[in-house]
Amino acid sequence: MATNNTITVKFFARLREELDTATLTVEAEPGLTAGRLLHDLAGKGGNWAQLDGALPVMIAVNQVMTKPDKVLQPGDEVAFFPPVTGG
Amino acid sequence: MATNNTITVKFFARLREELDTATLTVEAEPGLTAGRLLHDLAGKGGNWAQLDGALPVMIAVNQVMTKPDKVLQPGDEVAFFPPVTGG
Amino acid sequence: MIRVQQQDFDPAEEYRALRGSGSGTGAIATFTGLVRDSGDLDGVTGLFLEHYPGMTEQVIEGLVREASGRWDVHEARIIHRVGYLSLGEQIVFVGVCSAHRGDAFAACEFIMDALKTSAPFWKKEITGDSEHWVEQRAADLDRTRSWE
Amino acid sequence: MIRVQQQDFDPAEEYRALRGSGSGTGAIATFTGLVRDSGDLDGVTGLFLEHYPGMTEQVIEGLVREASGRWDVHEARIIHRVGYLSLGEQIVFVGVCSAHRGDAFAACEFIMDALKTSAPFWKKEITGDSEHWVEQRAADLDRTRSWE
């Protein structure tokens, strides 16, 4: 879980596999949006570059689906994942 | 079952109860339609009078739903019943 | 599989049969109707169900053929009970399996709707001290016409 | 009743629970999804299902609340499996009971459609020698939007 001034980031399914990452922790900067965080992560290059628009990425903050302009707060849990395919 | 020159008439549900008749046999007259037979039976009076339009009566000939203008043949089985209510 | 019978049925058996219909089956939709305590009358304690033997089975076979022409139906299983039934008892079962859920749902609901308006069954509601032949509901006819 | 679990389930148990929901229940609609041999790929031998623990349950609870607001729903029971599943295994169960069949069918189909497009589950198809994350189908999104 995130501590005081951090945000927990989760990845699922194809993203989890291709990024080889289920969870990571980032600093909570004032005004940071979910979309900006996604863009920053894409800047790592390699497979991470796909986060910047190549394929649709869904966003949930604190387990509720949300839009990229959602501002993140310290302690938030933000998840990025492909469109869902259950049922 | 009907013999050579007769038609078997069946009643179901409310009609069977109110007419106190499950089955009867009538002569097969040339050109007799199901609707005409219904009208003739209504002529018996009493509870039979309801067959002449007071309440909807469905008609099946040889177990297939049909319209009143259907001409009956010797050996046919004609059934009169209220709108169905199963399921 | 079409059965008209007095005795009760087990939906679990029907489900097992549908599930065993082949490796292309991805979707099983079922419907079961029960005797409930209010219909045309309140305080219903039971039903009496009459049918037209022979014609009933033919009509239901026709409904299954029609559903199979409109949707991908791997198998349909239909059971309708007749005779006296008490409150809470099972009246009717319709189960359909298909490759896809949309077809399974549509065929199951179509057959169930059409059973109510096309198959020669008649239902009499029984309360503590009276009996009453159920009238066909305009809403049921409308539901069936909505499939046309 | 909402369960997300690895182990198999018995639709007959769920049906019994729905049937026991009260004397006003006249209609029980159920849907079960199975692993079938052709999806995005042919020759599928199994699936791997991943989910987002916690969020999944919240989303499904929301779908049940929404269905209950739109239709007469006495009870809804939903089970979705996760992990590795083989060909023919049960994936998902949705069962709804109501006074009336139209409500039972509609709520059951609505929940099932919305599960496919709103609940955080992801499906990977496995064939003899390859794996493939299933892509969301436009048709599934269209089905869900048709309820709006």
# chains A, B, ... in the order shown; residues from 1 in each chain; ligands from 1
$ interface_residues --of "chain A" --to "chain D" --cutoff "7 Å" --atoms "only C-alpha atoms" --output "MDAnalysis selection string"
chainID A and resid 13:14 63 83:87
$ write_last_selection --atoms "N, CA and C atoms" --output "PDB file, in the first residue's frame"
ATOM      1  N   ALA A  13      -3.405  -7.722 -16.589  1.00  0.00           N
ATOM      2  CA  ALA A  13      -3.576  -8.469 -17.842  1.00  0.00           C
ATOM      3  C   ALA A  13      -2.405  -8.218 -18.802  1.00  0.00           C
ATOM      4  N   ARG A  14      -2.700  -7.911 -20.061  1.00  0.00           N
ATOM      5  CA  ARG A  14      -1.643  -7.745 -21.059  1.00  0.00           C
ATOM      6  C   ARG A  14      -0.629  -6.690 -20.620  1.00  0.00           C
ATOM      7  N   GLN A  63     -10.250   2.132  -7.311  1.00  0.00           N
ATOM      8  CA  GLN A  63     -11.158   1.058  -7.761  1.00  0.00           C
ATOM      9  C   GLN A  63     -12.437   1.565  -8.400  1.00  0.00           C
ATOM     10  N   PRO A  83      -9.031  -2.705 -22.049  1.00  0.00           N
ATOM     11  CA  PRO A  83     -10.489  -2.896 -21.962  1.00  0.00           C
ATOM     12  C   PRO A  83     -10.811  -4.298 -21.444  1.00  0.00           C
ATOM     13  N   VAL A  84     -11.848  -4.388 -20.632  1.00  0.00           N
ATOM     14  CA  VAL A  84     -12.137  -5.646 -19.933  1.00  0.00           C
ATOM     15  C   VAL A  84     -12.807  -6.660 -20.866  1.00  0.00           C
ATOM     16  N   THR A  85     -12.627  -7.944 -20.558  1.00  0.00           N
ATOM     17  CA  THR A  85     -13.113  -9.004 -21.457  1.00  0.00           C
ATOM     18  C   THR A  85     -13.628 -10.207 -20.683  1.00  0.00           C
ATOM     19  N   GLY A  86     -14.274  -9.954 -19.541  1.00  0.00           N
ATOM     20  CA  GLY A  86     -14.762 -11.080 -18.746  1.00  0.00           C
ATOM     21  C   GLY A  86     -16.094 -11.619 -19.258  1.00  0.00           C
ATOM     22  N   GLY A  87     -16.744 -12.360 -18.381  1.00  0.00           N
ATOM     23  CA  GLY A  87     -18.092 -12.855 -18.668  1.00  0.00           C
ATOM     24  C   GLY A  87     -18.083 -14.111 -19.508  1.00  0.00           C
TER      25      GLY A  87
END
$ closest_atom_pairs --of "chain D" --to "chain C" --cutoff "7 Å" --atoms "only C-alpha atoms" --output "CSV"
residue,atom,partner,partner_atom,distance
D:Ala12,CA,C:Ala12,CA,5.2
D:Ser23,CA,C:Arg36,CA,5.7
D:Gly24,CA,C:Arg36,CA,5.3
D:Thr25,CA,C:Arg36,CA,5.9
D:Gly26,CA,C:Leu34,CA,4.5
D:Ala27,CA,C:Gly33,CA,4.7
D:Ile28,CA,C:Thr32,CA,5.2
D:Ala29,CA,C:Phe31,CA,4.5
D:Thr30,CA,C:Thr30,CA,5.2
D:Phe31,CA,C:Ala29,CA,4.5
D:Thr32,CA,C:Ile28,CA,5.2
D:Gly33,CA,C:Ala27,CA,4.7
D:Leu34,CA,C:Gly26,CA,4.5
D:Val35,CA,C:Gly26,CA,5.9
D:Arg36,CA,C:Gly26,CA,5.2
D:Asp37,CA,C:Gly24,CA,5.8
D:Gly88,CA,C:Ser23,CA,6.2
$ select_by_dssp --residues "stretch 97-137 of chain C" --states "helix (DSSP H, G or I)" --output "ChimeraX atom specification"
/C:101-118
$ select_by_dssp --residues "chain C" --states "strand (DSSP E)" --output "number ranges by chain"
C: 2-5, 27-34, 46-51, 75-81, 83-86, 90-98, 121-126, 131-133
$ calpha_fit_and_write --fixed "chain B" --moving "chain A" --output "JSON list (two decimals) with C-alpha atoms, in the first residue's frame"
[["chain", "number", "residue", "atom", "x", "y", "z"],
["A", 1, "MET", "CA", -62.50, -40.69, -32.80],
["A", 2, "ALA", "CA", -64.76, -39.66, -35.67],
["A", 3, "THR", "CA", -66.02, -42.39, -37.96],
["A", 4, "ASN", "CA", -66.46, -42.10, -41.68],
["A", 5, "ASN", "CA", -68.83, -39.21, -42.05],
["A", 6, "THR", "CA", -68.51, -37.41, -38.75],
["A", 7, "ILE", "CA", -66.45, -34.67, -37.19],
["A", 8, "THR", "CA", -65.14, -34.83, -33.63],
["A", 9, "VAL", "CA", -65.61, -31.61, -31.64],
["A", 10, "LYS", "CA", -63.56, -30.91, -28.51],
["A", 11, "PHE", "CA", -63.86, -28.23, -25.86],
["A", 12, "PHE", "CA", -61.23, -27.18, -23.33],
["A", 13, "ALA", "CA", -60.88, -25.25, -20.08],
["A", 14, "ARG", "CA", -63.67, -22.78, -19.23],
["A", 15, "LEU", "CA", -65.71, -23.85, -22.29],
["A", 16, "ARG", "CA", -65.41, -27.54, -21.37],
["A", 17, "GLU", "CA", -66.64, -26.75, -17.87],
["A", 18, "GLU", "CA", -69.44, -24.34, -18.75],
["A", 19, "LEU", "CA", -70.78, -26.53, -21.56],
["A", 20, "ASP", "CA", -70.22, -29.63, -19.41],
["A", 21, "THR", "CA", -68.88, -31.24, -22.57],
["A", 22, "ALA", "CA", -65.35, -32.40, -23.45],
["A", 23, "THR", "CA", -66.18, -34.10, -26.76],
["A", 24, "LEU", "CA", -69.12, -34.49, -29.10],
["A", 25, "THR", "CA", -69.63, -35.80, -32.61],
["A", 26, "VAL", "CA", -71.45, -34.02, -35.43],
["A", 27, "GLU", "CA", -72.35, -34.96, -39.01],
["A", 28, "ALA", "CA", -69.93, -33.68, -41.63],
["A", 29, "GLU", "CA", -72.08, -31.63, -44.02],
["A", 30, "PRO", "CA", -70.46, -30.59, -47.33],
["A", 31, "GLY", "CA", -69.04, -27.07, -47.05],
["A", 32, "LEU", "CA", -69.48, -26.83, -43.29],
["A", 33, "THR", "CA", -66.95, -24.34, -41.90],
["A", 34, "ALA", "CA", -65.57, -24.24, -38.35],
["A", 35, "GLY", "CA", -67.26, -20.85, -37.84],
["A", 36, "ARG", "CA", -70.62, -22.15, -39.09],
["A", 37, "LEU", "CA", -70.36, -25.15, -36.76],
["A", 38, "LEU", "CA", -69.67, -22.78, -33.85],
["A", 39, "HIS", "CA", -72.75, -20.75, -34.81],
["A", 40, "ASP", "CA", -74.89, -23.88, -35.05],
["A", 41, "LEU", "CA", -73.73, -25.04, -31.61],
["A", 42, "ALA", "CA", -74.53, -21.62, -30.15],
["A", 43, "GLY", "CA", -78.11, -22.19, -31.36],
["A", 44, "LYS", "CA", -78.55, -24.83, -28.67],
["A", 45, "GLY", "CA", -79.07, -21.92, -26.26],
["A", 46, "GLY", "CA", -78.23, -21.72, -22.56],
["A", 47, "ASN", "CA", -74.49, -21.69, -21.95],
["A", 48, "TRP", "CA", -73.96, -22.69, -25.57],
["A", 49, "ALA", "CA", -75.11, -19.23, -26.70],
["A", 50, "GLN", "CA", -71.74, -17.78, -25.59],
["A", 51, "LEU", "CA", -70.10, -19.53, -28.58],
["A", 52, "ASP", "CA", -71.65, -16.90, -30.82],
["A", 53, "GLY", "CA", -69.34, -14.01, -30.15],
["A", 54, "ALA", "CA", -69.85, -13.15, -26.48],
["A", 55, "LEU", "CA", -66.27, -14.12, -25.67],
["A", 56, "PRO", "CA", -63.31, -14.90, -27.91],
["A", 57, "VAL", "CA", -63.20, -18.55, -29.03],
["A", 58, "MET", "CA", -60.05, -20.00, -30.60],
["A", 59, "ILE", "CA", -60.35, -22.73, -33.23],
["A", 60, "ALA", "CA", -58.00, -25.60, -34.05],
["A", 61, "VAL", "CA", -58.64, -28.11, -36.81],
["A", 62, "ASN", "CA", -56.62, -31.31, -36.63],
["A", 63, "GLN", "CA", -54.56, -29.67, -33.88],
["A", 64, "VAL", "CA", -53.55, -26.63, -35.93],
["A", 65, "MET", "CA", -54.87, -23.15, -35.11],
["A", 66, "THR", "CA", -57.14, -21.93, -37.86],
["A", 67, "LYS", "CA", -59.70, -19.29, -38.85],
["A", 68, "PRO", "CA", -63.50, -19.63, -38.80],
["A", 69, "ASP", "CA", -63.72, -19.93, -42.61],
["A", 70, "LYS", "CA", -61.85, -23.27, -42.58],
["A", 71, "VAL", "CA", -64.00, -25.92, -44.32],
["A", 72, "LEU", "CA", -64.30, -29.13, -42.30],
["A", 73, "GLN", "CA", -63.79, -32.58, -43.83],
["A", 74, "PRO", "CA", -65.19, -35.91, -42.65],
["A", 75, "GLY", "CA", -62.89, -37.34, -39.97],
["A", 76, "ASP", "CA", -61.60, -33.92, -38.89],
["A", 77, "GLU", "CA", -61.03, -33.08, -35.25],
["A", 78, "VAL", "CA", -62.10, -29.52, -34.47],
["A", 79, "ALA", "CA", -61.42, -27.92, -31.09],
["A", 80, "PHE", "CA", -62.90, -24.76, -29.56],
["A", 81, "PHE", "CA", -61.25, -23.13, -26.58],
["A", 82, "PRO", "CA", -60.60, -19.81, -24.81],
["A", 83, "PRO", "CA", -57.38, -17.87, -25.47],
["A", 84, "VAL", "CA", -54.49, -19.84, -24.01],
["A", 85, "THR", "CA", -52.88, -18.93, -20.67],
["A", 86, "GLY", "CA", -50.03, -21.35, -20.04],
["A", 87, "GLY", "CA", -46.40, -20.75, -19.23]]
$ atom_distance --atom1 "atom CA of C:Arg70" --atom2 "atom CA of C:Val4"
24.4 Å
$ residues_around --residues "D:Val64" --least-positions-apart "3" --cutoff "8 Å" --atoms "only C-alpha atoms" --output "PyMOL selection string"
chain D and resi 60-61+67-68+76+111
$ write_last_selection --atoms "N, CA and C atoms" --output "compact mmCIF listing (two decimals), in the first residue's frame"
# COMPACT_ATOMS: atom_id res chain seq x y z
N ILE D 60 -19.64 -5.18 -9.64
CA ILE D 60 -20.79 -6.09 -9.80
C ILE D 60 -21.91 -5.68 -8.85
N GLU D 61 -21.56 -5.27 -7.62
CA GLU D 61 -22.60 -4.77 -6.71
C GLU D 61 -23.35 -3.58 -7.33
N ALA D 67 -29.66 -2.82 -11.83
CA ALA D 67 -30.71 -3.72 -12.32
C ALA D 67 -31.93 -3.66 -11.40
N SER D 68 -31.68 -3.60 -10.09
CA SER D 68 -32.78 -3.60 -9.13
C SER D 68 -33.58 -2.30 -9.19
N ALA D 76 -30.56 -11.49 -6.84
CA ALA D 76 -29.64 -11.80 -7.94
C ALA D 76 -28.44 -12.52 -7.36
N ILE D 111 -27.34 -7.69 -16.57
CA ILE D 111 -26.17 -7.91 -15.71
C ILE D 111 -25.08 -8.66 -16.48
$ atom_distance --atom1 "atom CA of D:Ser86" --atom2 "atom CA of D:Leu41"
14.7 Å
$ atom_distance --atom1 "atom CA of D:Leu85" --atom2 "atom CA of C:Glu14"
23.0 Å
$ decode --residues "stretch 63-86 of chain B" --atoms "C-alpha atoms" --output "CSV table (one decimal), in the first residue's frame"
chain,number,residue,atom,x,y,z
B,63,GLN,CA,-54.6,-29.7,-33.9
B,64,VAL,CA,-53.6,-26.6,-35.9
B,65,MET,CA,-54.9,-23.2,-35.1
B,66,THR,CA,-57.2,-21.9,-37.9
B,67,LYS,CA,-59.7,-19.3,-38.9
B,68,PRO,CA,-63.5,-19.6,-38.8
B,69,ASP,CA,-63.7,-19.9,-42.6
B,70,LYS,CA,-61.8,-23.3,-42.6
B,71,VAL,CA,-64.0,-25.9,-44.3
B,72,LEU,CA,-64.3,-29.1,-42.3
B,73,GLN,CA,-63.8,-32.6,-43.8
B,74,PRO,CA,-65.2,-35.9,-42.6
B,75,GLY,CA,-62.9,-37.3,-40.0
B,76,ASP,CA,-61.6,-33.9,-38.9
B,77,GLU,CA,-61.0,-33.1,-35.2
B,78,VAL,CA,-62.1,-29.5,-34.5
B,79,ALA,CA,-61.5,-27.9,-31.1
B,80,PHE,CA,-62.9,-24.8,-29.6
B,81,PHE,CA,-61.3,-23.1,-26.6
B,82,PRO,CA,-60.6,-19.8,-24.8
B,83,PRO,CA,-57.4,-17.9,-25.5
B,84,VAL,CA,-54.5,-19.8,-24.0
B,85,THR,CA,-52.9,-19.0,-20.7
B,86,GLY,CA,-50.0,-21.4,-20.1
